[in-house]
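These notes concern the structure reproduced below.
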Amino acid sequence: MITRLTLVNFKAFRRLELPLGPLTLLTGLNSSGKSSVLQALALLRQSVDHGAQGLLLNGELVELGSARDVLHDDFGPADDLTGGRGPAVGFVAEAGEPFRFAGFYDPEEPDEDVMELLTRPVAWPFLAAPFQYLHADRITPAVTYPRSRQIAIDRGFLGVRGEHTVNYLRHYGETEVPDGLLRHPDAASPQLRDQTVAWMQELCPGVNLQADAIEGTDYVRLSYGFGGTAGINATRRRRPTNVGFGLTYALPIVVACLTATPGSLILLENPEAHLHPKGQTRTAALISAAAAVGAQLIVETHSDHVLNGVRIAVKQEALRSEDTAIHFFRGNGSGAEVITPGIDKDGMLAQWPQGFFDEWEHSLDQLLD
């Protein structure tokens, strides 16, 4: 597990040292640097997966542009990473021992999208562990989804937009979710397909889903049923395009968490998107359960319901307070600063900085004024 991540001259940060836990929440204002943390880890994974010949700025996981785009405007020395060679973007990930990775910024080639490596670890075991990264821009309801054996089945990767989730579920639907906090008590069986349905019913009561291959094509099909709820005919299957947007948007989050294993790393952007408040809180319960079974999750969120769902998980002893890190990002005019409120065993926060999920109170004050 990565216990601390340091970013040097990367995007909004001249230098940022960020403690990480089994479950880390990245919160704060827009364009304050939250996504940069996720992008840094994805960039390292992307570079290592391609043989670590350089920092690969554009690839399957992230598309960051050129070296000019990722170098902090007011970059500082990074001698501890580069040996004094010059401007560089660097990272230090601590996982039992510090692993250093630095890419040289060549002023003669500022628009290159591969940065020469100055420092790299001999072995980086946590970047070889099972991995998922789901962007905020995930799959939307569609008639078909891709059917890639290499990505979904051989690699077990859901895709950064979750576009391979349906094919993954089609192939691995009968595998069992291990006994423990991830298993939903109301599911028909321990199988992944039934567990997924049970958690999806937290978002939409009575819903079920089915994933099928379309023979003779490179596509799979997803359909929903509703068990006769809300006056909908239970015998008919429904295309995702004729069903609420939030169900399909949430599906990759649910599958990523249910397939979490000890040592795996899961990066999630805005898991609350298109979900009603209860759905957001229950999604936080699932995320907390994935962290409790030994996976590491780093989650960017703008939702107070997700925050409170994690706090409830701590209070109910589903997740230890010391396994949770909460960071609040806000701009300071020249970059970004990070405040880290502590959380106790009752789910209470040690501080509540200005701008940290306090808009509800501000709005109420105006209504009562």
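Following the order of the structure tokens, first chain is A, next is B, and so on, with residues numbered from 1 inside each chain and ligands from 1 in the order they appear.
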So that I can check the surroundings of Asp79 (chain A), please list as a PyMOL selection string every protein, DNA and RNA residue that reaches within 12 Å of it, counting only C-alpha atoms and ignoring chain neighbours fewer than 4 positions away. chain A and resi 8-9+83-90+100+102+104+118-119
Hey, can you spit out that residue selection with N, CA, C and O atoms as a PDB file, in the first residue's frame?
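Okay, selection-v5.pdb is ready:
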```pdb
ATOM      1  N   VAL A   8       6.413  16.610  -7.246  1.00  0.00           N
ATOM      2  CA  VAL A   8       7.408  17.674  -7.368  1.00  0.00           C
ATOM      3  C   VAL A   8       7.274  18.318  -8.744  1.00  0.00           C
ATOM      4  O   VAL A   8       7.402  17.633  -9.772  1.00  0.00           O
ATOM      5  N   ASN A   9       6.982  19.604  -8.770  1.00  0.00           N
ATOM      6  CA  ASN A   9       6.873  20.373 -10.022  1.00  0.00           C
ATOM      7  C   ASN A   9       5.815  19.806 -10.960  1.00  0.00           C
ATOM      8  O   ASN A   9       5.928  19.930 -12.185  1.00  0.00           O
ATOM      9  N   GLY A  83      19.590  14.666  -9.170  1.00  0.00           N
ATOM     10  CA  GLY A  83      21.035  14.859  -9.056  1.00  0.00           C
ATOM     11  C   GLY A  83      21.485  16.205  -9.592  1.00  0.00           C
ATOM     12  O   GLY A  83      22.641  16.367  -9.981  1.00  0.00           O
ATOM     13  N   GLY A  84      20.571  17.180  -9.626  1.00  0.00           N
ATOM     14  CA  GLY A  84      20.923  18.524 -10.052  1.00  0.00           C
ATOM     15  C   GLY A  84      20.973  18.712 -11.549  1.00  0.00           C
ATOM     16  O   GLY A  84      21.525  19.698 -12.035  1.00  0.00           O
ATOM     17  N   ARG A  85      20.364  17.823 -12.317  1.00  0.00           N
ATOM     18  CA  ARG A  85      20.454  17.918 -13.771  1.00  0.00           C
ATOM     19  C   ARG A  85      19.630  19.059 -14.363  1.00  0.00           C
ATOM     20  O   ARG A  85      19.896  19.524 -15.442  1.00  0.00           O
ATOM     21  N   GLY A  86      18.615  19.507 -13.701  1.00  0.00           N
ATOM     22  CA  GLY A  86      17.814  20.582 -14.270  1.00  0.00           C
ATOM     23  C   GLY A  86      16.351  20.398 -13.978  1.00  0.00           C
ATOM     24  O   GLY A  86      15.974  19.595 -13.117  1.00  0.00           O
ATOM     25  N   PRO A  87      15.498  21.159 -14.682  1.00  0.00           N
ATOM     26  CA  PRO A  87      14.067  21.088 -14.396  1.00  0.00           C
ATOM     27  C   PRO A  87      13.519  19.692 -14.639  1.00  0.00           C
ATOM     28  O   PRO A  87      13.865  19.030 -15.620  1.00  0.00           O
ATOM     29  N   ALA A  88      12.671  19.262 -13.730  1.00  0.00           N
ATOM     30  CA  ALA A  88      12.117  17.911 -13.835  1.00  0.00           C
ATOM     31  C   ALA A  88      10.788  17.847 -13.128  1.00  0.00           C
ATOM     32  O   ALA A  88      10.483  18.647 -12.236  1.00  0.00           O
ATOM     33  N   VAL A  89       9.990  16.887 -13.544  1.00  0.00           N
ATOM     34  CA  VAL A  89       8.766  16.503 -12.850  1.00  0.00           C
ATOM     35  C   VAL A  89       9.075  15.208 -12.117  1.00  0.00           C
ATOM     36  O   VAL A  89       9.595  14.266 -12.722  1.00  0.00           O
ATOM     37  N   GLY A  90       8.781  15.174 -10.817  1.00  0.00           N
ATOM     38  CA  GLY A  90       9.162  13.989 -10.050  1.00  0.00           C
ATOM     39  C   GLY A  90       8.086  13.521  -9.102  1.00  0.00           C
ATOM     40  O   GLY A  90       7.157  14.273  -8.753  1.00  0.00           O
ATOM     41  N   ARG A 100      11.318   6.365  -6.205  1.00  0.00           N
ATOM     42  CA  ARG A 100      11.462   7.664  -6.857  1.00  0.00           C
ATOM     43  C   ARG A 100      11.388   7.516  -8.369  1.00  0.00           C
ATOM     44  O   ARG A 100      11.909   6.562  -8.932  1.00  0.00           O
ATOM     45  N   ALA A 102      11.429  10.254 -11.846  1.00  0.00           N
ATOM     46  CA  ALA A 102      11.528  11.640 -12.295  1.00  0.00           C
ATOM     47  C   ALA A 102      11.725  11.697 -13.797  1.00  0.00           C
ATOM     48  O   ALA A 102      12.449  10.888 -14.376  1.00  0.00           O
ATOM     49  N   PHE A 104      12.781  14.288 -17.035  1.00  0.00           N
ATOM     50  CA  PHE A 104      13.508  15.509 -17.351  1.00  0.00           C
ATOM     51  C   PHE A 104      12.702  16.411 -18.277  1.00  0.00           C
ATOM     52  O   PHE A 104      12.144  15.941 -19.282  1.00  0.00           O
ATOM     53  N   LEU A 118      15.016  10.305 -15.415  1.00  0.00           N
ATOM     54  CA  LEU A 118      16.252  10.568 -14.697  1.00  0.00           C
ATOM     55  C   LEU A 118      16.419   9.616 -13.529  1.00  0.00           C
ATOM     56  O   LEU A 118      17.529   9.269 -13.152  1.00  0.00           O
ATOM     57  N   THR A 119      15.294   9.241 -12.936  1.00  0.00           N
ATOM     58  CA  THR A 119      15.295   8.330 -11.793  1.00  0.00           C
ATOM     59  C   THR A 119      14.125   7.381 -11.947  1.00  0.00           C
ATOM     60  O   THR A 119      13.034   7.788 -12.317  1.00  0.00           O
TER      61      THR A 119
END
```
For Val255 (chain A), find every residue with an atom within 7 Å (counting only C-alpha atoms), except residues of its own chain fewer than 4 positions away, and show them as a count of residues only. 3
query = Using only C-alpha atoms, which residue out of A:Leu265, A:Val92, A:Ile343, A:Val166 lies closest to Val143 (chain A)?
reply =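 The answer is A:Val166, which sits nearest to Val143 (chain A).
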May I have the residues within 9 Å of region 13-27 of chain A as a compact mmCIF listing (two decimals) with N, CA and C atoms, in the first residue's frame, using only C-alpha atoms and disregarding those fewer than 3 positions away in the same chain?
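Generated file (out_15.txt):
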```
# COMPACT_ATOMS: atom_id res chain seq x y z
N MET A 1 0.84 -1.20 0.00
CA MET A 1 0.00 0.00 0.00
C MET A 1 0.88 1.25 0.00
N ILE A 2 0.45 2.25 -0.74
CA ILE A 2 1.16 3.52 -0.77
C ILE A 2 0.73 4.35 0.44
N THR A 3 1.68 4.69 1.29
CA THR A 3 1.35 5.43 2.50
C THR A 3 1.55 6.94 2.36
N ARG A 4 2.35 7.34 1.38
CA ARG A 4 2.57 8.77 1.15
C ARG A 4 2.97 8.96 -0.31
N LEU A 5 2.44 10.02 -0.91
CA LEU A 5 2.79 10.36 -2.28
C LEU A 5 3.30 11.80 -2.31
N THR A 6 4.45 11.99 -2.93
CA THR A 6 5.03 13.32 -3.08
C THR A 6 5.05 13.69 -4.56
N LEU A 7 4.53 14.86 -4.87
CA LEU A 7 4.57 15.39 -6.24
C LEU A 7 5.53 16.57 -6.26
N VAL A 8 6.41 16.61 -7.25
CA VAL A 8 7.41 17.67 -7.37
C VAL A 8 7.27 18.32 -8.74
N ASN A 9 6.98 19.60 -8.77
CA ASN A 9 6.87 20.37 -10.02
C ASN A 9 5.82 19.81 -10.96
N PHE A 10 4.78 19.22 -10.41
CA PHE A 10 3.76 18.58 -11.23
C PHE A 10 2.48 19.39 -11.21
N GLY A 33 -6.45 20.89 -7.75
CA GLY A 33 -5.36 19.92 -7.72
C GLY A 33 -5.74 18.51 -7.35
N LYS A 34 -7.01 18.25 -7.07
CA LYS A 34 -7.42 16.90 -6.66
C LYS A 34 -7.12 15.86 -7.73
N SER A 35 -7.52 16.17 -8.96
CA SER A 35 -7.33 15.22 -10.04
C SER A 35 -5.86 14.96 -10.32
N SER A 36 -5.00 15.93 -10.01
CA SER A 36 -3.57 15.74 -10.26
C SER A 36 -3.01 14.58 -9.46
N VAL A 37 -3.55 14.34 -8.28
CA VAL A 37 -3.08 13.21 -7.47
C VAL A 37 -3.39 11.89 -8.16
N LEU A 71 4.61 20.61 -16.32
CA LEU A 71 5.61 21.24 -15.47
C LEU A 71 4.98 22.44 -14.76
N HIS A 72 5.14 22.49 -13.44
CA HIS A 72 4.62 23.59 -12.64
C HIS A 72 5.20 24.92 -13.13
N ASP A 73 4.36 25.97 -13.19
CA ASP A 73 4.80 27.25 -13.73
C ASP A 73 6.01 27.81 -13.01
N ASP A 74 6.02 27.68 -11.71
CA ASP A 74 7.12 28.21 -10.89
C ASP A 74 7.93 27.03 -10.35
N PHE A 75 8.44 26.21 -11.26
CA PHE A 75 9.09 24.97 -10.84
C PHE A 75 10.33 25.27 -9.99
N GLY A 76 10.57 24.40 -9.02
CA GLY A 76 11.70 24.55 -8.13
C GLY A 76 12.70 23.43 -8.32
N VAL A 92 7.55 10.70 -5.59
CA VAL A 92 8.05 9.75 -4.61
C VAL A 92 6.84 9.06 -4.00
N ILE A 287 -17.61 1.48 -1.12
CA ILE A 287 -16.21 1.89 -1.22
C ILE A 287 -15.47 1.60 0.08
N SER A 288 -16.11 1.90 1.20
CA SER A 288 -15.50 1.64 2.51
C SER A 288 -15.27 0.14 2.72
N ALA A 290 -14.71 -2.08 0.39
CA ALA A 290 -13.58 -2.49 -0.44
C ALA A 290 -12.26 -2.16 0.25
N ALA A 291 -12.19 -1.00 0.89
CA ALA A 291 -10.98 -0.64 1.62
C ALA A 291 -10.77 -1.55 2.83
N ALA A 292 -11.86 -1.92 3.49
CA ALA A 292 -11.76 -2.76 4.68
C ALA A 292 -11.24 -4.16 4.38
N GLY A 294 -8.89 -4.81 2.25
CA GLY A 294 -7.47 -4.78 1.94
C GLY A 294 -7.07 -4.06 0.68
N ALA A 295 -8.04 -3.56 -0.09
CA ALA A 295 -7.70 -2.77 -1.27
C ALA A 295 -7.38 -1.34 -0.84
N GLN A 296 -6.69 -0.61 -1.70
CA GLN A 296 -6.46 0.82 -1.47
C GLN A 296 -7.27 1.61 -2.48
N LEU A 297 -8.13 2.51 -1.99
CA LEU A 297 -8.97 3.32 -2.85
C LEU A 297 -8.66 4.79 -2.62
N ILE A 298 -8.46 5.51 -3.72
CA ILE A 298 -8.25 6.95 -3.67
C ILE A 298 -9.38 7.57 -4.48
N VAL A 299 -10.19 8.38 -3.81
CA VAL A 299 -11.48 8.80 -4.37
C VAL A 299 -11.57 10.31 -4.39
N GLU A 300 -11.80 10.87 -5.56
CA GLU A 300 -12.09 12.30 -5.69
C GLU A 300 -13.60 12.49 -5.62
N THR A 301 -14.06 13.39 -4.77
CA THR A 301 -15.50 13.57 -4.61
C THR A 301 -15.86 15.00 -4.27
N HIS A 302 -17.04 15.40 -4.73
CA HIS A 302 -17.63 16.69 -4.35
C HIS A 302 -18.87 16.49 -3.49
N SER A 303 -19.08 15.27 -3.02
CA SER A 303 -20.35 14.93 -2.37
C SER A 303 -20.21 14.86 -0.85
N LEU A 307 -18.86 11.72 1.76
CA LEU A 307 -18.09 11.96 2.98
C LEU A 307 -18.82 11.38 4.19
N GLU A 322 -8.26 5.11 11.50
CA GLU A 322 -6.86 5.29 11.09
C GLU A 322 -6.61 4.80 9.66
N ASP A 323 -7.59 4.12 9.08
CA ASP A 323 -7.46 3.67 7.68
C ASP A 323 -8.07 4.66 6.70
N THR A 324 -8.48 5.81 7.21
CA THR A 324 -9.15 6.81 6.39
C THR A 324 -8.36 8.11 6.41
N ALA A 325 -8.12 8.66 5.23
CA ALA A 325 -7.47 9.97 5.10
C ALA A 325 -8.40 10.88 4.29
N ILE A 326 -8.63 12.09 4.81
CA ILE A 326 -9.50 13.04 4.13
C ILE A 326 -8.69 14.31 3.89
N HIS A 327 -8.62 14.73 2.62
CA HIS A 327 -7.85 15.91 2.25
C HIS A 327 -8.77 16.93 1.57
N PHE A 328 -8.62 18.19 1.96
CA PHE A 328 -9.39 19.28 1.39
C PHE A 328 -8.44 20.20 0.63
N PHE A 329 -8.65 20.33 -0.68
CA PHE A 329 -7.80 21.14 -1.55
C PHE A 329 -8.47 22.48 -1.81
N ARG A 330 -7.67 23.54 -1.79
CA ARG A 330 -8.19 24.83 -2.20
C ARG A 330 -7.04 25.67 -2.77
N GLY A 335 -1.09 28.40 -6.57
CA GLY A 335 -1.09 26.94 -6.68
C GLY A 335 -2.24 26.40 -5.85
N ALA A 336 -1.93 25.48 -4.98
CA ALA A 336 -2.97 24.90 -4.14
C ALA A 336 -2.39 24.54 -2.78
N GLU A 337 -3.26 24.58 -1.78
CA GLU A 337 -2.88 24.11 -0.45
C GLU A 337 -3.84 23.01 -0.04
N VAL A 338 -3.39 22.17 0.87
CA VAL A 338 -4.17 21.02 1.29
C VAL A 338 -4.30 21.02 2.80
N PHE A 356 -15.24 23.73 3.19
CA PHE A 356 -15.26 22.27 3.24
C PHE A 356 -16.69 21.80 3.51
N PHE A 357 -17.44 21.49 2.46
CA PHE A 357 -18.81 20.99 2.58
C PHE A 357 -19.65 21.83 3.56
```
field: Selected residue, from A:Gly225, A:Gly331, A:Pro341, A:Gly173, that lies nearest to Asp212 (chain A) when counting only C-alpha atoms
entry: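 Selected residue with least distance to Asp212 (chain A): A:Gly173.
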From CA of Glu109 (chain A) to CA of Leu57 (chain A) the spacing works out at 13.9 Å
